[in-house]
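Peer 1: This one is final-v9.cif, mmCIF, C-alpha atoms.
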```cif
data_target
loop_
_atom_site.label_atom_id
_atom_site.label_comp_id
_atom_site.auth_asym_id
_atom_site.auth_seq_id
_atom_site.Cartn_x
_atom_site.Cartn_y
_atom_site.Cartn_z
CA MET A 1 11.74 -12.01 -17.57
CA ALA A 2 13.54 -9.15 -19.31
CA ARG A 3 16.39 -7.35 -17.58
CA GLU A 4 15.13 -4.95 -14.93
CA PRO A 5 15.59 -1.26 -15.81
CA SER A 6 17.78 0.61 -13.35
CA VAL A 7 16.27 2.67 -10.54
CA THR A 8 16.66 6.44 -10.52
CA ARG A 9 15.94 8.71 -7.57
CA ARG A 10 14.71 12.27 -7.70
CA ILE A 11 13.01 14.79 -5.45
CA VAL A 12 9.59 16.25 -6.24
CA ALA A 13 9.23 19.45 -4.21
CA ARG A 14 6.10 21.55 -3.84
CA ASP A 15 4.61 23.76 -1.13
CA GLY A 16 7.26 22.91 1.45
CA VAL A 17 7.02 19.15 0.90
CA ARG A 18 9.84 17.08 -0.60
CA ILE A 19 9.03 13.59 -1.86
CA GLU A 20 11.78 11.21 -2.90
CA VAL A 21 10.69 9.09 -5.85
CA LEU A 22 12.22 5.79 -6.89
CA ALA A 23 11.49 5.44 -10.61
CA GLN A 24 12.27 2.80 -13.21
CA GLY A 25 11.09 1.59 -16.57
CA ALA A 26 9.11 3.15 -19.40
CA GLY A 27 5.52 2.70 -20.50
CA PRO A 28 2.13 3.08 -18.82
CA CYS A 29 2.54 4.47 -15.31
CA VAL A 30 2.07 2.44 -12.13
CA VAL A 31 2.44 4.07 -8.70
CA LEU A 32 3.14 1.88 -5.66
CA ILE A 33 2.30 3.11 -2.14
CA PRO A 34 3.62 1.16 0.88
CA SER A 35 1.97 -0.05 4.05
CA LEU A 36 1.67 1.75 7.39
CA GLY A 37 5.02 3.02 8.60
CA ARG A 38 6.96 1.25 5.86
CA GLY A 39 8.93 2.49 2.88
CA ALA A 40 9.06 2.13 -0.87
CA THR A 41 11.79 -0.50 -0.78
CA ASP A 42 9.13 -3.04 0.24
CA PHE A 43 8.26 -2.98 -3.47
CA ASP A 44 11.80 -3.65 -4.77
CA ASP A 45 10.98 -7.05 -6.24
CA LEU A 46 7.55 -6.15 -7.59
CA ALA A 47 8.71 -2.84 -9.08
CA GLY A 48 11.54 -4.56 -10.92
CA ARG A 49 9.23 -7.15 -12.41
CA LEU A 50 6.68 -4.56 -13.54
CA ALA A 51 9.35 -2.33 -15.06
CA ALA A 52 10.93 -5.26 -16.90
CA ALA A 53 7.50 -6.05 -18.36
CA GLY A 54 7.17 -2.60 -19.93
CA TYR A 55 5.74 -0.29 -17.29
CA ARG A 56 6.86 2.98 -15.78
CA VAL A 57 6.97 2.34 -12.03
CA LEU A 58 7.01 5.21 -9.52
CA ARG A 59 7.55 4.63 -5.81
CA PRO A 60 7.12 7.75 -3.68
CA GLN A 61 8.73 7.46 -0.27
CA PRO A 62 6.27 8.53 2.45
CA ARG A 63 7.05 11.69 4.37
CA GLY A 64 9.69 10.92 6.98
CA ILE A 65 11.31 8.02 5.08
CA GLY A 66 14.43 8.32 2.94
CA ASP A 67 14.78 11.87 1.66
CA SER A 68 11.05 12.62 1.84
CA ALA A 69 10.12 15.41 4.24
CA GLY A 70 7.09 17.50 5.07
CA PRO A 71 4.66 18.27 7.89
CA MET A 72 3.90 15.16 9.95
CA GLN A 73 1.31 16.67 12.28
CA GLY A 74 -2.04 18.22 11.52
CA ILE A 75 -2.30 16.45 8.18
CA THR A 76 -4.98 14.29 6.58
CA LEU A 77 -5.11 11.63 3.90
CA HIS A 78 -5.77 14.48 1.47
CA ASP A 79 -2.26 15.82 2.11
CA LEU A 80 -0.72 12.42 1.46
CA ALA A 81 -2.80 12.06 -1.71
CA ARG A 82 -1.51 15.46 -2.85
CA ASP A 83 2.02 14.09 -2.50
CA VAL A 84 1.14 11.21 -4.84
CA ALA A 85 -0.58 13.54 -7.30
CA ASN A 86 2.49 15.79 -7.37
CA VAL A 87 4.64 12.79 -8.25
CA ILE A 88 2.34 11.74 -11.11
CA GLU A 89 2.18 15.31 -12.44
CA ASP A 90 5.95 15.71 -12.23
CA ASP A 91 6.37 12.55 -14.30
CA GLY A 92 4.19 13.89 -17.09
CA GLY A 93 0.69 13.69 -15.68
CA ALA A 94 -0.53 10.67 -17.62
CA PRO A 95 -3.25 8.85 -15.68
CA ALA A 96 -1.65 6.12 -13.57
CA VAL A 97 -2.65 2.85 -12.01
CA VAL A 98 -2.23 3.54 -8.29
CA ALA A 99 -1.64 0.49 -6.10
CA GLY A 100 -1.59 0.70 -2.32
CA HIS A 101 -0.47 -2.03 0.06
CA ALA A 102 -2.57 -2.27 3.26
CA PHE A 103 -2.64 1.32 4.65
CA GLY A 104 -1.29 2.46 1.28
CA ASN A 105 -4.64 1.71 -0.28
CA PHE A 106 -6.18 4.46 1.90
CA VAL A 107 -3.85 6.94 0.20
CA ALA A 108 -4.50 5.38 -3.21
CA ARG A 109 -8.25 5.70 -2.76
CA THR A 110 -7.94 9.28 -1.58
CA THR A 111 -5.81 10.11 -4.60
CA ALA A 112 -8.48 8.70 -6.90
CA ALA A 113 -11.21 10.63 -5.09
CA ASP A 114 -9.31 13.95 -5.07
CA PHE A 115 -7.56 13.72 -8.45
CA PRO A 116 -9.73 11.57 -10.73
CA GLY A 117 -7.96 12.79 -13.86
CA LEU A 118 -4.66 11.34 -12.65
CA VAL A 119 -5.87 7.83 -11.73
CA ARG A 120 -6.85 5.15 -14.24
CA CYS A 121 -7.46 2.44 -11.68
CA VAL A 122 -6.91 1.74 -7.99
CA VAL A 123 -5.37 -1.56 -6.94
CA LEU A 124 -5.98 -2.65 -3.35
CA LEU A 125 -3.17 -4.94 -2.20
CA ALA A 126 -4.26 -6.69 1.00
CA ALA A 127 -6.94 -4.15 1.87
CA THR A 128 -8.63 -4.55 5.23
CA HIS A 129 -12.12 -6.01 4.70
CA VAL A 130 -13.18 -5.90 8.34
CA TRP A 131 -13.56 -2.53 10.06
CA PRO A 132 -12.77 -1.84 12.77
CA VAL A 133 -9.88 -4.29 12.96
CA PRO A 134 -10.54 -7.00 15.59
CA PRO A 135 -8.86 -6.18 18.94
CA ALA A 136 -6.56 -9.23 18.91
CA VAL A 137 -5.31 -8.35 15.43
CA ARG A 138 -4.89 -4.70 16.38
CA GLU A 139 -2.80 -5.76 19.37
CA SER A 140 -0.57 -7.85 17.14
CA ILE A 141 -0.13 -4.98 14.70
CA GLU A 142 0.94 -2.68 17.52
CA LYS A 143 3.34 -5.17 19.13
CA SER A 144 4.87 -6.37 15.87
CA HIS A 145 6.66 -3.06 15.39
CA ASP A 146 7.34 -2.29 19.06
CA LEU A 147 11.15 -2.31 19.08
CA SER A 148 11.22 -2.42 22.88
CA LEU A 149 9.91 -6.00 22.78
CA PRO A 150 12.13 -9.07 22.27
CA ASP A 151 12.35 -10.28 18.69
CA GLY A 152 10.66 -13.54 19.64
CA VAL A 153 7.58 -11.70 20.91
CA ARG A 154 7.48 -9.45 17.87
CA LEU A 155 7.76 -12.46 15.59
CA ARG A 156 4.70 -14.09 17.14
CA HIS A 157 2.69 -10.94 16.56
CA LEU A 158 4.05 -10.43 13.05
CA GLN A 159 3.05 -14.00 12.24
CA HIS A 160 -0.44 -13.49 13.60
CA ALA A 161 -1.24 -10.17 11.93
CA PHE A 162 0.72 -10.26 8.70
CA PHE A 163 2.00 -13.67 7.60
CA ALA A 164 0.32 -16.86 6.52
CA PRO A 165 1.19 -20.05 8.40
CA GLY A 166 4.54 -21.46 7.36
CA ASN A 167 5.95 -18.20 6.03
CA ASP A 168 8.99 -16.54 7.58
CA ALA A 169 7.97 -13.35 9.38
CA ARG A 170 11.58 -12.41 10.16
CA VAL A 171 11.80 -10.47 6.89
CA TRP A 172 9.58 -7.80 8.51
CA LEU A 173 11.43 -7.43 11.81
CA ASP A 174 13.12 -4.41 10.23
CA GLY A 175 11.83 -1.61 8.04
CA TRP A 176 9.41 0.05 10.47
CA HIS A 177 9.28 3.82 11.05
CA GLU A 178 7.39 4.62 14.24
CA ASP A 179 7.09 8.38 13.62
CA VAL A 180 5.71 7.77 10.14
CA MET A 181 3.29 5.20 11.45
CA ARG A 182 1.92 7.59 14.04
CA ALA A 183 1.56 10.38 11.47
CA GLU A 184 -0.20 8.14 8.94
CA ARG A 185 -2.57 6.78 11.56
CA ALA A 186 -3.41 10.30 12.76
CA ALA A 187 -3.97 11.43 9.16
CA THR A 188 -6.45 8.58 8.68
CA GLU A 189 -8.32 9.43 11.87
CA ALA A 190 -8.49 13.10 10.82
CA THR A 191 -10.09 12.29 7.45
CA PRO A 192 -13.83 11.57 7.25
CA LYS A 193 -14.24 8.09 5.81
CA GLU A 194 -16.81 9.19 3.23
CA GLN A 195 -14.21 11.47 1.62
CA TRP A 196 -11.93 8.62 0.50
CA TRP A 197 -13.50 5.23 1.10
CA THR A 198 -15.08 4.78 -2.35
CA ALA A 199 -11.99 5.86 -4.36
CA GLY A 200 -14.18 8.28 -6.26
CA GLN A 201 -15.47 6.47 -9.33
CA ALA A 202 -12.23 4.75 -10.35
CA PRO A 203 -12.19 1.08 -11.31
CA ILE A 204 -10.89 -1.07 -8.44
CA VAL A 205 -8.88 -4.29 -8.44
CA ASP A 206 -9.19 -5.94 -5.03
CA VAL A 207 -6.17 -8.24 -4.62
CA GLN A 208 -6.84 -10.48 -1.63
CA PRO A 209 -4.22 -12.68 0.05
CA GLY A 210 -5.56 -16.18 0.52
CA ALA A 211 -4.79 -16.32 4.28
CA ASP A 212 -5.27 -12.72 5.42
CA VAL A 213 -6.77 -12.41 8.92
CA MET A 214 -8.15 -9.03 7.83
CA THR A 215 -10.09 -10.62 4.98
CA PRO A 216 -12.05 -13.51 6.49
CA PRO A 217 -14.08 -15.46 3.91
CA GLU A 218 -17.38 -13.86 4.86
CA SER A 219 -15.98 -10.40 4.03
CA ALA A 220 -14.35 -11.26 0.69
CA ASN A 221 -17.05 -9.59 -1.41
CA ARG A 222 -17.34 -6.46 0.73
CA TYR A 223 -16.02 -3.93 -1.78
CA ARG A 224 -17.72 -5.46 -4.77
CA ASP A 225 -21.04 -5.53 -2.92
CA GLU A 226 -20.61 -1.94 -1.73
CA PHE A 227 -19.17 -0.29 -4.85
CA GLY A 228 -20.73 -2.50 -7.51
CA ALA A 229 -19.54 -5.40 -9.65
CA ALA A 230 -19.04 -3.07 -12.61
CA ARG A 231 -16.26 -1.25 -10.71
CA VAL A 232 -14.62 -3.98 -8.64
CA THR A 233 -12.59 -6.95 -9.84
CA ILE A 234 -11.65 -9.47 -7.14
CA VAL A 235 -8.43 -11.45 -7.46
CA VAL A 236 -7.34 -13.93 -4.79
CA VAL A 237 -3.61 -14.64 -4.55
CA PRO A 238 -3.38 -18.41 -4.21
CA GLY A 239 -1.08 -20.20 -1.84
CA ALA A 240 0.29 -19.00 1.46
CA ALA A 241 -0.20 -15.25 1.53
CA GLY A 242 -1.22 -13.08 4.46
CA HIS A 243 -1.55 -9.34 4.97
CA ALA A 244 2.19 -8.80 4.35
CA LEU A 245 1.67 -10.28 0.85
CA LEU A 246 4.67 -8.64 -0.86
CA PRO A 247 7.45 -10.72 0.73
CA GLU A 248 5.32 -13.87 0.79
CA GLN A 249 4.28 -14.31 -2.85
CA PRO A 250 6.30 -11.87 -4.98
CA VAL A 251 6.24 -13.89 -8.20
CA VAL A 252 2.54 -14.73 -8.05
CA LEU A 253 1.66 -11.16 -7.09
CA ALA A 254 3.60 -9.80 -10.07
CA GLU A 255 1.80 -12.22 -12.39
CA VAL A 256 -1.57 -11.16 -10.98
CA LEU A 257 -0.82 -7.46 -11.39
CA LEU A 258 0.56 -7.86 -14.89
CA ALA A 259 -2.58 -9.71 -15.95
CA GLN A 260 -4.75 -6.90 -14.58
CA LEU A 261 -2.60 -4.20 -16.18
CA LYS A 262 -2.82 -5.92 -19.55
CA ALA A 263 -6.60 -6.14 -19.18
CA LEU A 264 -6.73 -2.36 -18.73
CA GLY A 265 -5.07 -1.96 -22.14
#
```
Please, can you express the file's structure as structure tokens?
Peer 2:
Amino acid sequence: MAREPSVTRRIVARDGVRIEVLAQGAGPCVVLIPSLGRGATDFDDLAGRLAAAGYRVLRPQPRGIGDSAGPMQGITLHDLARDVANVIEDDGGAPAVVAGHAFGNFVARTTAADFPGLVRCVVLLAATHVWPVPPAVRESIEKSHDLSLPDGVRLRHLQHAFFAPGNDARVWLDGWHEDVMRAERAATEATPKEQWWTAGQAPIVDVQPGADVMTPPESANRYRDEFGAARVTIVVVPGAAGHALLPEQPVVLAEVLLAQLKALG
């Protein structure tokens, strides 16, 4: 792999919102949006690999993380999508591949629906294929980031909801932002599903971890069946990968994404 381009940080400010952007590399643009209540540094490894391979990688920090700031109440997914669109426009406005991890794919899909001219393709990284989330999994999600619980309890729930058997869930004991999580969850609940669910008409790459409790085998074809085979490409990450995906299989995930990016031309 070529040497990773250095990371620069800048602020994109518009309409009272300030979004910190971690940027690196040059070439076709790829935007990476993190999971619920988590920040852009979750993508450190992946972003470096993509940038080294010849892509311009933008990582907007969600409101409330790093130097990003803006209203956290009374917002919808449309507001968060506007943040992403502002970042793409500030970087030149060339249509980008927008990849969202877990909750981040809600924002990616909304961006594609609201700003079709700015999105070449939407990549779903560990998207939830069962809705609503089963109660036992929902409980584990809630308790995995509850800092009032002992680490041992949190680890059991992290393992259940996010990590494949045999993988070390301790890497996700840190990095959670409760206020951001609450705001993002409320924004999702305030946005009618039909306004973002289909990602407009953008092509979709559905990257599925092989051992994700939120993608049981019977649901694997959900998006392709719903949106059409002409729009949806399914890629299964082999090996031990759960909903966390990024820290579990970073090398394989980078290879998968690079193959899909090259296929886009």
Peer 1: Rounded to one decimal place, report the atom CA of Val97 of chain A-atom CA of Ala53 of chain A distance in Å.
Peer 2: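 Going from atom CA of Val97 of chain A over to atom CA of Ala53 of chain A, I get 14.9 Å.
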Peer 1: Contacts of Asp114 of chain A at 8 Å or less, counting all atoms listed in the file, minus same-chain residues fewer than 3 places along, as a PDB file with C-alpha atoms, keeping the file's coordinate frame?
Peer 2:
```pdb
ATOM      1  CA  HIS A  78      -5.770  14.480   1.470  1.00  0.00           C
ATOM      2  CA  ALA A  81      -2.800  12.060  -1.710  1.00  0.00           C
ATOM      3  CA  THR A 110      -7.940   9.280  -1.580  1.00  0.00           C
ATOM      4  CA  THR A 111      -5.810  10.110  -4.600  1.00  0.00           C
ATOM      5  CA  GLY A 200     -14.180   8.280  -6.260  1.00  0.00           C
TER       6      GLY A 200
END
```
Peer 1: Check the smallest atom-to-atom distance from each of A:Ser35, A:Ala220, A:Gly27, A:Arg138 to Ala94 of chain A using only C-alpha atoms, then report the winner.
Peer 2: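 The closest residue to Ala94 of chain A is A:Gly27.
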Peer 1: Which distance in Å separates atom CA of Tyr55 of chain A and atom CA of Phe227 of chain A, to one decimal?
Peer 2: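 Between these atoms lies a distance of 27.8 Å.
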Peer 1: Near Thr8 of chain A, within 10 Å and counting all atoms listed in the file, which residues show up once chain neighbours fewer than 2 positions away are dropped, as a list in words?
Peer 2: Pro5, Ser6, Arg10, Val21, Leu22, Ala23, Gln24, Gly25 and Leu58 of chain A
Peer 1: Output C-alpha atoms of each residue in that selection to a file, as a compact mmCIF listing (two decimals), in the frame of the given file.
Peer 2:
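Okay, again.txt is ready:
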```txt
# COMPACT_ATOMS: atom_id res chain seq x y z
CA PRO A 5 15.59 -1.26 -15.81
CA SER A 6 17.78 0.61 -13.35
CA ARG A 10 14.71 12.27 -7.70
CA VAL A 21 10.69 9.09 -5.85
CA LEU A 22 12.22 5.79 -6.89
CA ALA A 23 11.49 5.44 -10.61
CA GLN A 24 12.27 2.80 -13.21
CA GLY A 25 11.09 1.59 -16.57
CA LEU A 58 7.01 5.21 -9.52
```
